[in-house]
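Colleague: structure.txt is the file, holding compact mmCIF, C-alpha atoms:
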# COMPACT_ATOMS: atom_id res chain seq x y z
CA MET F 10 129.02 56.33 4.70
CA ILE F 11 128.61 60.07 5.34
CA CYS F 12 127.67 62.49 2.60
CA THR F 13 126.92 66.19 2.42
CA VAL F 14 124.26 67.42 0.01
CA LYS F 15 123.67 71.00 -0.95
CA GLN F 16 120.57 71.14 -3.10
CA PRO F 17 118.47 74.23 -3.93
CA GLY F 18 115.04 72.59 -3.85
CA ILE F 19 114.27 69.01 -2.88
CA SER F 20 111.54 67.28 -0.89
CA ILE F 21 112.80 65.06 1.90
CA ARG F 22 111.01 62.36 3.80
CA GLY F 23 112.80 60.54 6.53
CA SER F 24 112.48 57.01 7.99
CA ASP F 25 113.10 56.78 11.71
CA VAL F 26 114.50 60.28 11.67
CA VAL F 27 113.40 63.55 13.15
CA LEU F 28 113.76 66.63 11.00
CA ARG F 29 114.06 69.73 13.08
CA LYS F 30 113.83 73.37 12.21
CA ARG F 31 116.12 75.44 14.32
CA GLY F 32 114.22 76.29 17.49
CA SER F 33 111.07 74.32 16.49
CA THR F 34 109.42 71.05 17.46
CA PRO F 35 110.16 67.78 15.64
CA VAL F 36 108.30 66.88 12.46
CA GLN F 37 106.62 63.46 12.14
CA PRO F 38 109.05 61.04 10.45
CA CYS F 39 108.42 58.97 7.31
CA SER F 40 110.50 56.97 4.80
CA LEU F 41 113.48 58.57 3.05
CA VAL F 42 115.71 57.04 0.42
CA LEU F 43 117.94 58.96 -1.94
CA PRO F 44 118.04 57.42 -5.42
CA SER F 45 121.18 56.49 -7.26
CA ILE F 46 122.91 59.53 -8.68
CA SER F 47 125.60 59.31 -11.27
CA ARG F 48 129.07 60.72 -10.81
CA GLU F 49 128.37 63.38 -13.42
CA LYS F 50 128.69 66.89 -12.14
CA ALA F 51 125.28 68.35 -11.41
CA PRO F 52 124.81 72.07 -10.96
CA ARG F 53 124.74 73.31 -7.35
CA SER F 54 124.82 69.81 -5.82
CA LEU F 55 127.51 67.44 -4.68
CA VAL F 56 126.73 63.73 -4.34
CA SER F 57 129.01 60.78 -5.00
CA VAL F 58 127.27 57.42 -4.59
CA GLN F 59 126.46 54.40 -6.73
CA LYS F 60 123.67 52.82 -4.64
CA PRO F 61 120.55 54.30 -3.03
CA LEU F 62 121.14 55.89 0.36
CA HIS F 63 119.04 55.15 3.42
CA LEU F 64 119.31 58.07 5.82
CA SER F 65 120.17 57.30 9.42
CA CYS F 66 120.15 60.95 10.53
CA VAL F 67 119.38 64.29 8.98
CA GLY F 68 120.23 67.82 10.07
CA VAL F 69 118.93 70.88 8.24
CA GLY F 70 119.47 74.54 8.64
CA ASN F 71 116.13 76.04 7.66
CA PHE F 72 113.36 73.46 7.15
CA VAL F 73 109.62 73.79 6.79
CA GLY F 74 108.08 70.65 5.19
CA SER F 75 110.78 70.71 2.50
CA VAL F 76 114.17 72.34 2.07
CA ARG F 77 113.54 75.90 1.00
CA ARG F 78 115.49 77.54 -1.73
CA GLU F 79 117.91 79.69 0.24
CA ARG F 80 121.62 80.03 -0.05
CA SER F 81 122.21 79.18 3.58
CA ASP F 82 120.27 75.94 3.48
CA LEU F 83 122.51 72.95 4.05
CA VAL F 84 121.24 69.41 4.33
CA LYS F 85 123.70 67.18 6.16
CA CYS F 86 122.90 63.48 5.95
CA GLY F 87 124.28 60.46 7.77
CA ALA F 88 123.45 57.55 5.46
CA TYR F 89 124.42 54.07 4.43
CA GLU F 90 124.24 52.44 1.01
CA ALA F 91 121.35 50.04 0.48
CA ASP F 92 120.29 47.65 -2.24
CA LYS F 93 116.98 48.28 -4.01
CA SER F 94 115.58 45.04 -2.65
CA GLU F 95 116.23 46.21 0.89
CA VAL F 96 114.58 49.57 0.33
CA GLY F 97 111.70 48.47 -1.85
CA GLY F 98 110.66 45.66 0.47
CA ALA F 99 110.16 47.92 3.46
CA GLY F 100 106.37 48.10 3.04
CA ALA F 101 105.88 44.56 1.77
CA PRO F 102 105.16 42.81 5.09
CA SER F 103 102.21 45.09 5.93
CA GLU F 104 100.64 44.56 2.50
CA ALA F 105 101.15 40.81 2.71
CA ALA F 106 99.70 40.78 6.22
CA LYS F 107 96.63 42.63 4.98
CA LYS F 108 96.07 40.10 2.20
CA VAL F 109 96.44 37.23 4.65
CA LYS F 110 93.94 38.88 6.99
CA ILE F 111 91.38 39.31 4.19
CA GLY F 112 91.94 35.70 3.11
CA ILE F 113 91.28 34.53 6.66
CA TYR F 114 88.10 36.62 6.79
CA PHE F 115 86.83 35.09 3.54
CA ALA F 116 87.73 31.51 4.46
CA THR F 117 86.10 31.87 7.89
CA TRP F 118 83.01 33.55 6.44
CA TRP F 119 82.47 30.82 3.83
CA ALA F 120 83.19 27.96 6.22
CA LEU F 121 80.83 29.28 8.91
CA ASN F 122 78.10 29.86 6.33
CA VAL F 123 78.40 26.35 4.94
CA VAL F 124 78.25 24.82 8.43
CA PHE F 125 75.25 26.97 9.35
CA ASN F 126 73.29 25.97 6.25
CA ILE F 127 73.97 22.28 6.87
CA TYR F 128 72.81 22.32 10.48
CA ASN F 129 69.93 24.66 9.71
CA LYS F 130 68.59 22.26 7.09
CA LYS F 131 69.02 19.29 9.44
CA VAL F 132 67.03 21.08 12.13
CA LEU F 133 64.28 22.15 9.71
CA ASN F 134 63.95 18.63 8.30
CA ALA F 135 63.33 17.23 11.79
CA TYR F 136 61.64 20.28 13.29
CA PRO F 137 59.71 22.28 10.65
CA TYR F 138 59.13 25.42 12.69
CA PRO F 139 61.07 28.16 10.88
CA TRP F 140 59.72 31.01 13.02
CA LEU F 141 61.10 29.50 16.23
CA THR F 142 64.33 28.48 14.51
CA SER F 143 64.83 32.06 13.31
CA THR F 144 64.12 33.38 16.80
CA LEU F 145 66.63 31.03 18.41
CA SER F 146 69.33 32.15 15.97
CA LEU F 147 68.86 35.79 16.91
CA ALA F 148 68.56 34.99 20.63
CA CYS F 149 71.80 33.02 20.65
CA GLY F 150 73.72 35.77 18.91
CA SER F 151 72.31 38.43 21.22
CA LEU F 152 73.26 36.40 24.30
CA MET F 153 76.79 35.82 22.98
CA MET F 154 77.36 39.53 22.45
CA LEU F 155 75.89 40.54 25.82
CA ILE F 156 78.29 38.13 27.52
CA SER F 157 81.19 39.50 25.43
CA TRP F 158 80.37 43.06 26.47
CA ALA F 159 79.86 42.13 30.14
CA THR F 160 83.19 40.28 30.34
CA ARG F 161 85.02 43.00 28.36
CA ILE F 162 85.97 40.52 25.64
CA ALA F 163 84.53 43.05 23.22
CA GLU F 164 84.07 46.75 23.84
CA ALA F 165 80.41 47.72 24.14
CA PRO F 166 79.24 50.33 21.59
CA LYS F 167 78.30 53.83 22.65
CA THR F 168 74.78 54.34 21.33
CA ASP F 169 71.96 56.80 21.88
CA LEU F 170 68.26 56.95 21.15
CA GLU F 171 68.88 58.33 17.67
CA PHE F 172 71.03 55.30 16.83
CA TRP F 173 68.23 52.87 17.73
CA LYS F 174 65.70 54.95 15.78
CA THR F 175 67.77 54.74 12.63
CA LEU F 176 68.43 51.05 13.26
CA PHE F 177 64.74 50.14 13.63
CA PRO F 178 63.78 50.02 9.90
CA VAL F 179 66.99 48.10 9.23
CA ALA F 180 66.00 45.57 11.90
CA VAL F 181 62.48 45.20 10.48
CA ALA F 182 63.85 44.43 7.02
CA HIS F 183 66.50 42.12 8.49
CA THR F 184 63.85 40.20 10.45
CA ILE F 185 61.64 39.71 7.40
CA GLY F 186 64.57 38.61 5.25
CA HIS F 187 65.88 36.20 7.88
CA VAL F 188 62.51 34.54 8.51
CA ALA F 189 61.64 34.36 4.80
CA ALA F 190 64.94 32.64 3.99
CA THR F 191 64.41 30.13 6.82
CA VAL F 192 60.86 29.41 5.64
CA SER F 193 62.25 28.86 2.15
CA MET F 194 64.85 26.37 3.35
CA SER F 195 62.22 24.49 5.34
CA LYS F 196 60.33 23.80 2.09
CA VAL F 197 62.99 23.36 -0.60
CA ALA F 198 66.61 22.29 -0.96
CA VAL F 199 69.32 24.59 0.40
CA SER F 200 70.86 24.80 -3.07
CA PHE F 201 67.60 25.99 -4.62
CA THR F 202 67.12 28.70 -1.98
CA HIS F 203 70.60 30.05 -2.61
CA ILE F 204 70.16 29.94 -6.38
CA ILE F 205 67.08 32.14 -6.06
CA LYS F 206 68.82 34.37 -3.52
CA SER F 207 71.60 34.98 -6.02
CA GLY F 208 68.99 37.11 -7.83
CA GLU F 209 69.19 39.78 -5.10
CA PRO F 210 71.10 42.25 -7.35
CA ALA F 211 68.11 42.35 -9.72
CA PHE F 212 65.86 43.43 -6.85
CA SER F 213 68.44 45.98 -5.77
CA VAL F 214 68.56 47.63 -9.19
CA LEU F 215 64.78 47.62 -9.68
CA VAL F 216 64.05 49.07 -6.23
CA SER F 217 66.77 51.70 -6.55
CA ARG F 218 65.61 52.65 -10.04
CA PHE F 219 61.84 52.87 -9.58
CA LEU F 220 61.52 53.81 -5.90
CA LEU F 221 64.64 55.88 -5.32
CA GLY F 222 65.12 57.26 -8.83
CA GLU F 223 68.72 56.12 -9.12
CA THR F 224 70.20 55.40 -12.54
CA PHE F 225 72.85 52.84 -13.45
CA PRO F 226 75.24 52.31 -16.36
CA VAL F 227 74.03 50.11 -19.22
CA PRO F 228 76.34 47.19 -18.24
CA VAL F 229 74.55 46.96 -14.89
CA TYR F 230 71.18 46.52 -16.60
CA LEU F 231 72.66 44.00 -19.02
CA SER F 232 74.06 41.95 -16.14
CA LEU F 233 70.50 41.44 -14.87
CA ILE F 234 69.63 39.35 -17.95
CA PRO F 235 71.71 36.29 -16.93
CA ILE F 236 70.68 36.73 -13.29
CA ILE F 237 66.95 36.70 -14.03
CA GLY F 238 67.26 34.13 -16.81
CA GLY F 239 69.41 31.78 -14.74
CA CYS F 240 67.08 31.95 -11.72
CA ALA F 241 64.06 31.34 -13.94
CA LEU F 242 65.72 28.34 -15.61
CA ALA F 243 66.70 26.88 -12.25
CA ALA F 244 63.18 27.39 -10.87
CA VAL F 245 61.27 25.75 -13.72
CA THR F 246 63.63 22.76 -13.81
CA GLU F 247 63.77 22.20 -10.01
CA LEU F 248 62.71 18.63 -9.27
CA ASN F 249 61.29 19.44 -5.83
CA PHE F 250 59.81 22.83 -6.60
CA ASN F 251 57.62 24.36 -3.89
CA MET F 252 55.87 27.72 -4.28
CA THR F 253 56.20 28.61 -0.58
CA GLY F 254 59.93 27.92 -0.71
CA PHE F 255 60.29 29.93 -3.91
CA MET F 256 58.33 32.91 -2.59
CA GLY F 257 60.25 32.81 0.70
CA ALA F 258 63.55 33.22 -1.16
CA MET F 259 62.09 36.03 -3.30
CA ILE F 260 60.75 37.90 -0.26
CA SER F 261 64.10 37.45 1.46
CA ASN F 262 65.81 39.08 -1.53
CA LEU F 263 63.48 42.06 -1.44
CA ALA F 264 63.77 42.47 2.34
CA PHE F 265 67.55 42.39 2.32
CA VAL F 266 67.63 45.01 -0.44
CA PHE F 267 65.59 47.36 1.76
CA ARG F 268 67.80 46.46 4.72
CA ASN F 269 70.86 47.58 2.79
CA ILE F 270 69.16 50.79 1.65
CA PHE F 271 68.02 51.71 5.17
CA SER F 272 71.42 50.82 6.56
CA LYS F 273 73.27 53.07 4.11
CA LYS F 274 70.93 56.01 4.71
CA GLY F 275 70.62 55.73 8.47
CA MET F 276 74.15 54.80 9.53
CA LYS F 277 76.12 57.55 7.84
CA GLY F 278 78.46 59.14 10.34
CA LYS F 279 77.82 56.50 13.03
CA SER F 280 81.02 55.25 14.66
CA VAL F 281 80.00 51.67 15.48
CA SER F 282 82.16 48.73 14.43
CA GLY F 283 80.77 46.06 12.12
CA MET F 284 80.69 43.48 14.90
CA ASN F 285 78.78 45.71 17.33
CA TYR F 286 76.49 46.99 14.59
CA TYR F 287 75.35 43.47 13.78
CA ALA F 288 74.99 42.68 17.49
CA CYS F 289 72.65 45.64 17.98
CA LEU F 290 70.78 44.65 14.83
CA SER F 291 70.28 41.10 16.15
CA MET F 292 68.96 42.32 19.50
CA LEU F 293 66.45 44.69 17.96
CA SER F 294 65.36 42.05 15.45
CA LEU F 295 64.86 39.59 18.31
CA LEU F 296 62.50 42.01 20.05
CA ILE F 297 60.53 42.42 16.83
CA LEU F 298 60.39 38.73 15.92
CA THR F 299 59.61 37.07 19.28
CA PRO F 300 55.95 38.18 19.67
CA VAL F 301 55.24 37.47 16.00
CA ALA F 302 56.75 33.97 16.21
CA ILE F 303 54.63 33.20 19.26
CA ALA F 304 51.50 34.35 17.43
CA VAL F 305 52.26 32.42 14.22
CA GLU F 306 53.42 29.09 15.68
CA GLY F 307 53.08 29.19 19.47
CA PRO F 308 54.52 27.24 22.41
CA GLN F 309 52.11 24.29 22.05
CA MET F 310 53.24 23.53 18.52
CA TRP F 311 56.87 23.99 19.51
CA ALA F 312 56.60 21.60 22.47
CA ALA F 313 54.87 18.89 20.46
CA GLY F 314 57.36 19.20 17.59
CA TRP F 315 60.29 19.16 20.00
CA GLN F 316 59.20 15.87 21.54
CA THR F 317 58.80 14.33 18.10
CA ALA F 318 62.23 15.50 16.97
CA ILE F 319 63.94 14.20 20.13
CA SER F 320 62.25 10.81 19.79
CA GLN F 321 63.27 10.49 16.14
CA ILE F 322 66.77 12.01 16.18
CA GLY F 323 67.86 11.61 19.78
CA PRO F 324 69.82 14.00 22.04
CA GLN F 325 72.04 15.09 19.15
CA PHE F 326 69.10 17.13 17.88
CA ILE F 327 69.80 19.59 20.72
CA TRP F 328 73.36 19.96 19.38
CA TRP F 329 71.98 20.65 15.90
CA VAL F 330 69.79 23.47 17.21
CA ALA F 331 72.65 24.97 19.22
CA ALA F 332 75.07 24.69 16.29
CA GLN F 333 72.77 26.34 13.75
CA SER F 334 72.08 29.18 16.18
CA VAL F 335 75.74 29.81 17.02
CA PHE F 336 77.01 29.51 13.46
CA TYR F 337 74.28 31.80 12.14
CA HIS F 338 75.49 34.60 14.36
CA LEU F 339 79.18 33.92 13.75
CA TYR F 340 78.99 33.91 9.96
CA ASN F 341 76.98 37.14 9.90
CA GLN F 342 79.30 38.75 12.42
CA VAL F 343 82.38 37.87 10.36
CA SER F 344 80.74 39.21 7.19
CA TYR F 345 80.01 42.54 8.89
CA MET F 346 83.52 42.66 10.33
CA SER F 347 84.98 42.03 6.88
CA LEU F 348 83.20 45.14 5.59
CA ASP F 349 85.51 47.18 7.84
CA GLU F 350 88.54 45.76 6.01
CA ILE F 351 87.56 45.37 2.34
CA SER F 352 85.86 47.34 -0.39
CA PRO F 353 82.20 46.78 -1.36
CA LEU F 354 83.36 45.24 -4.66
CA THR F 355 85.56 42.69 -2.91
CA PHE F 356 82.74 41.91 -0.50
CA SER F 357 80.30 41.40 -3.38
CA VAL F 358 82.68 39.02 -5.15
CA GLY F 359 83.19 37.18 -1.88
CA ASN F 360 79.44 36.88 -1.40
CA THR F 361 79.09 35.35 -4.86
CA MET F 362 81.79 32.81 -4.11
CA LYS F 363 80.10 32.07 -0.77
CA ARG F 364 76.90 31.07 -2.56
CA ILE F 365 78.83 28.74 -4.82
CA SER F 366 80.43 27.03 -1.83
CA VAL F 367 77.05 26.66 -0.07
CA ILE F 368 75.30 25.30 -3.17
CA VAL F 369 78.01 22.77 -3.98
CA SER F 370 78.47 21.58 -0.39
CA SER F 371 74.72 21.21 0.24
CA ILE F 372 74.27 19.19 -2.96
CA ILE F 373 77.07 16.85 -1.88
CA ILE F 374 76.00 16.46 1.76
CA PHE F 375 72.26 16.11 1.23
CA HIS F 376 72.59 14.19 -2.07
CA THR F 377 70.29 16.69 -3.77
CA PRO F 378 69.31 15.47 -7.26
CA VAL F 379 70.33 18.03 -9.87
CA ARG F 380 69.58 17.84 -13.57
CA PRO F 381 72.12 19.32 -16.02
CA VAL F 382 69.71 22.04 -17.14
CA ASN F 383 69.10 22.97 -13.49
CA ALA F 384 72.84 23.23 -12.86
CA LEU F 385 73.17 25.36 -15.99
CA GLY F 386 70.54 27.77 -14.69
CA ALA F 387 72.38 28.06 -11.38
CA ALA F 388 75.70 28.69 -13.14
CA ILE F 389 74.17 31.40 -15.35
CA ALA F 390 72.56 33.15 -12.38
CA ILE F 391 75.79 33.13 -10.36
CA LEU F 392 77.79 34.34 -13.36
CA GLY F 393 75.31 37.19 -13.75
CA THR F 394 75.76 38.09 -10.09
CA PHE F 395 79.51 38.27 -10.60
CA LEU F 396 79.13 40.43 -13.72
CA TYR F 397 76.78 42.73 -11.82
CA SER F 398 79.35 43.24 -9.05
CA GLN F 399 81.94 44.18 -11.67
CA ALA F 400 79.66 46.46 -13.71
CA LYS F 401 78.35 48.34 -10.67
CA GLN F 402 81.80 49.70 -9.80
Please express what this file holds, its structure, as structure tokens.
Modeller:
Amino acid sequence: MICTVKQPGISIRGSDVVLRKRGSTPVQPCSLVLPSISREKAPRSLVSVQKPLHLSCVGVGNFVGSVRRERSDLVKCGAYEADKSEVGGAGAPSEAAKKVKIGIYFATWWALNVVFNIYNKKVLNAYPYPWLTSTLSLACGSLMMLISWATRIAEAPKTDLEFWKTLFPVAVAHTIGHVAATVSMSKVAVSFTHIIKSGEPAFSVLVSRFLLGETFPVPVYLSLIPIIGGCALAAVTELNFNMTGFMGAMISNLAFVFRNIFSKKGMKGKSVSGMNYYACLSMLSLLILTPVAIAVEGPQMWAAGWQTAISQIGPQFIWWVAAQSVFYHLYNQVSYMSLDEISPLTFSVGNTMKRISVIVSSIIIFHTPVRPVNALGAAIAILGTFLYSQAKQ
């Protein structure tokens, strides 16, 4: 269907068309659909259609961004009639694809985290050396990324000395948080560690308020009540409570809060992808942790413990160590990659759901005894974390 439109002032956007001004270069195309216009006579325009028109070609006389109000302007359109469903659904596939991609990120993130926590706990039960276990996790991830860069599977980041300077405090905080969480899980149940770690938002608000001078809306402060109360209830009713395990989880919370603060301040304007950022963070953390781990535990303790674990578990213990190291890096890498695709609020909600999946799966797999009041405390703390993520936006 061909129509001719003479309109004094309209904005036109074209799909798969090139709008040209006489004697000028083409303008970037975009979607154009003319809405249904009744047969009633409109002043200074002539259109006779019943359905929306999708333009197949457009020619204009004098065009700069939109049709200017001049007598000589004539917009000549080659168009065909289209149903609303055909026009309205043009952008649907991309939106659906984005949702599918985010869903895949979340499912992969949660699954990898659950698998890591299971193998990590198995290793720590048979081989209670959290400093070496933490070091192996970072070493494995660093090696994986170096191989990826060398084989061009992933593009290596372009960094400079300033980048590594700003990354250093982030790596220090990351190292402390990683080791503290591993120490915690070597002493208490995985579920208990993650219940206490769900209290991280409380540390974030307190540190930001009293050290950085930031203020928050009242709902944010109110959301801390169920977080703190739920964690406290879970702690006092834990059947296998251990102070070292409890303090490890608390220190991990505090360290990760500082990691996030340093990361936000130091990485502004840096063009490094989430995957490469975490890879660089792992490598720098490995350099920091290795000498400390040797000083705290040492090769003699590691060798003796290794022989004991192999004799008790068998060769599959080596698979456990390899699995916990690989899955630790993968789940963190996916979480950092997801930050490139989703908003902080969505990420926070996803992190809350991740803790639920880890707590439930660890209780089932390790047959962790849980009293009703302990489960209630965990539920209250996790609910508070969710409310915090909503109130903070």
Colleague: Check the smallest atom-to-atom distance from each of F:Ala116, F:Ile162, F:Ala400, F:Ala312 to Ser357 (chain F) using all atoms listed in the file, then report the winner.
Modeller: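 Nearest to Ser357 (chain F): F:Ala400.
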Colleague: For Ser344 (chain F), which residue out of F:Asn249, F:Thr317, F:Thr117, F:Ser370 is the nearest one, using all atoms listed in the file?
Modeller: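 The answer is F:Thr117, which sits nearest to Ser344 (chain F).
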Colleague: Using only C-alpha atoms, find the one residue out of F:Val197, F:Ala304, F:Val227, F:Ile236 that sits nearest to Gly257 (chain F).
Modeller: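 Answer, going by the shortest atom-to-atom distance: F:Val197.
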Colleague: Between F:Ser157, F:Gln309, F:Thr202, F:Ser146, single out the one closest to Phe250 (chain F), counting all atoms listed in the file.
Modeller: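 Residue with the minimum atom-to-atom distance to Phe250 (chain F): F:Thr202.
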Colleague: Nearest to Met194 (chain F) among F:Gly150, F:Gly222, F:Gly254, F:Pro166, with distances taken over only C-alpha atoms: which residue is it?
Modeller: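 For Met194 (chain F), the nearest of the given residues is F:Gly254.
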Colleague: Fewer than 5 positions away in the same chain doesn't count, so skip those; otherwise give me all residues within 12 Å of Val382 (chain F), counting only C-alpha atoms, as a VMD selection string.
Modeller: chain F and resid 239 to 248 387 to 389
Colleague: Identify which of the residues F:Ile237, F:Leu231, F:Ala198, F:Ala288 lies closest to Pro378 (chain F), counting only C-alpha atoms when measuring atom-to-atom distances.
Modeller: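 Distance minimum relative to Pro378 (chain F) lands on F:Ala198.
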Colleague: Any idea what's packed within 10 Å of region 183-192 of chain F, counting all atoms listed in the file, ignoring anything in its chain fewer than 3 positions away? Could you give it as a PDB file with C-alpha atoms, in the frame of the given file?
Modeller:
ATOM      1  CA  ASN F 126      73.290  25.970   6.250  1.00  0.00           C
ATOM      2  CA  ASN F 129      69.930  24.660   9.710  1.00  0.00           C
ATOM      3  CA  LYS F 130      68.590  22.260   7.090  1.00  0.00           C
ATOM      4  CA  LEU F 133      64.280  22.150   9.710  1.00  0.00           C
ATOM      5  CA  PRO F 137      59.710  22.280  10.650  1.00  0.00           C
ATOM      6  CA  TYR F 138      59.130  25.420  12.690  1.00  0.00           C
ATOM      7  CA  PRO F 139      61.070  28.160  10.880  1.00  0.00           C
ATOM      8  CA  TRP F 140      59.720  31.010  13.020  1.00  0.00           C
ATOM      9  CA  LEU F 141      61.100  29.500  16.230  1.00  0.00           C
ATOM     10  CA  THR F 142      64.330  28.480  14.510  1.00  0.00           C
ATOM     11  CA  SER F 143      64.830  32.060  13.310  1.00  0.00           C
ATOM     12  CA  THR F 144      64.120  33.380  16.800  1.00  0.00           C
ATOM     13  CA  SER F 146      69.330  32.150  15.970  1.00  0.00           C
ATOM     14  CA  LEU F 147      68.860  35.790  16.910  1.00  0.00           C
ATOM     15  CA  PHE F 177      64.740  50.140  13.630  1.00  0.00           C
ATOM     16  CA  PRO F 178      63.780  50.020   9.900  1.00  0.00           C
ATOM     17  CA  VAL F 179      66.990  48.100   9.230  1.00  0.00           C
ATOM     18  CA  ALA F 180      66.000  45.570  11.900  1.00  0.00           C
ATOM     19  CA  SER F 195      62.220  24.490   5.340  1.00  0.00           C
ATOM     20  CA  LYS F 196      60.330  23.800   2.090  1.00  0.00           C
ATOM     21  CA  VAL F 197      62.990  23.360  -0.600  1.00  0.00           C
ATOM     22  CA  VAL F 199      69.320  24.590   0.400  1.00  0.00           C
ATOM     23  CA  THR F 202      67.120  28.700  -1.980  1.00  0.00           C
ATOM     24  CA  HIS F 203      70.600  30.050  -2.610  1.00  0.00           C
ATOM     25  CA  LYS F 206      68.820  34.370  -3.520  1.00  0.00           C
ATOM     26  CA  THR F 253      56.200  28.610  -0.580  1.00  0.00           C
ATOM     27  CA  GLY F 254      59.930  27.920  -0.710  1.00  0.00           C
ATOM     28  CA  PHE F 255      60.290  29.930  -3.910  1.00  0.00           C
ATOM     29  CA  MET F 256      58.330  32.910  -2.590  1.00  0.00           C
ATOM     30  CA  GLY F 257      60.250  32.810   0.700  1.00  0.00           C
ATOM     31  CA  ALA F 258      63.550  33.220  -1.160  1.00  0.00           C
ATOM     32  CA  MET F 259      62.090  36.030  -3.300  1.00  0.00           C
ATOM     33  CA  ILE F 260      60.750  37.900  -0.260  1.00  0.00           C
ATOM     34  CA  SER F 261      64.100  37.450   1.460  1.00  0.00           C
ATOM     35  CA  ASN F 262      65.810  39.080  -1.530  1.00  0.00           C
ATOM     36  CA  LEU F 263      63.480  42.060  -1.440  1.00  0.00           C
ATOM     37  CA  ALA F 264      63.770  42.470   2.340  1.00  0.00           C
ATOM     38  CA  PHE F 265      67.550  42.390   2.320  1.00  0.00           C
ATOM     39  CA  VAL F 266      67.630  45.010  -0.440  1.00  0.00           C
ATOM     40  CA  PHE F 267      65.590  47.360   1.760  1.00  0.00           C
ATOM     41  CA  ARG F 268      67.800  46.460   4.720  1.00  0.00           C
ATOM     42  CA  ASN F 269      70.860  47.580   2.790  1.00  0.00           C
ATOM     43  CA  LEU F 290      70.780  44.650  14.830  1.00  0.00           C
ATOM     44  CA  SER F 291      70.280  41.100  16.150  1.00  0.00           C
ATOM     45  CA  LEU F 293      66.450  44.690  17.960  1.00  0.00           C
ATOM     46  CA  SER F 294      65.360  42.050  15.450  1.00  0.00           C
ATOM     47  CA  LEU F 295      64.860  39.590  18.310  1.00  0.00           C
ATOM     48  CA  LEU F 296      62.500  42.010  20.050  1.00  0.00           C
ATOM     49  CA  ILE F 297      60.530  42.420  16.830  1.00  0.00           C
ATOM     50  CA  LEU F 298      60.390  38.730  15.920  1.00  0.00           C
ATOM     51  CA  ALA F 302      56.750  33.970  16.210  1.00  0.00           C
TER      52      ALA F 302
END
Colleague: Which residues are close to Ser282 (chain F), i.e. within 10 Å by only C-alpha atoms, leaving aside same-chain residues fewer than 4 positions away? Reply as a ChimeraX atom specification.
Modeller: /F:164-166,286-288,345-346,348-349
Colleague: Assuming 8 Å of padding per side, give the centre and edge lengths of the axis-aligned box around every listed atom of region 338-348 of chain F, in Å to one decimal and as JSON.
Modeller:
{"center_x": 80.2, "center_y": 39.5, "center_z": 10.0, "size_x": 25.5, "size_y": 27.2, "size_z": 24.8}
Colleague: I'd like the neighbourhood of Ile372 (chain F) as a list in words, where a residue qualifies if any of its atoms comes within 10 Å (using only C-alpha atoms), though same-chain residues fewer than 3 positions away should be ignored.
Modeller: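 These residues fall inside the cut-off: Ala198, Val199, Ser200, Phe201, Val367, Ile368, Val369, Phe375, His376, Thr377, Pro378 and Val379 of chain F.
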Colleague: Work out how far apart CA of Ala390 (chain F) and CA of Pro235 (chain F) are and give it in Å to one decimal.
Modeller: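 Spanning CA of Ala390 (chain F) to CA of Pro235 (chain F) is a straight-line distance of 5.6 Å.
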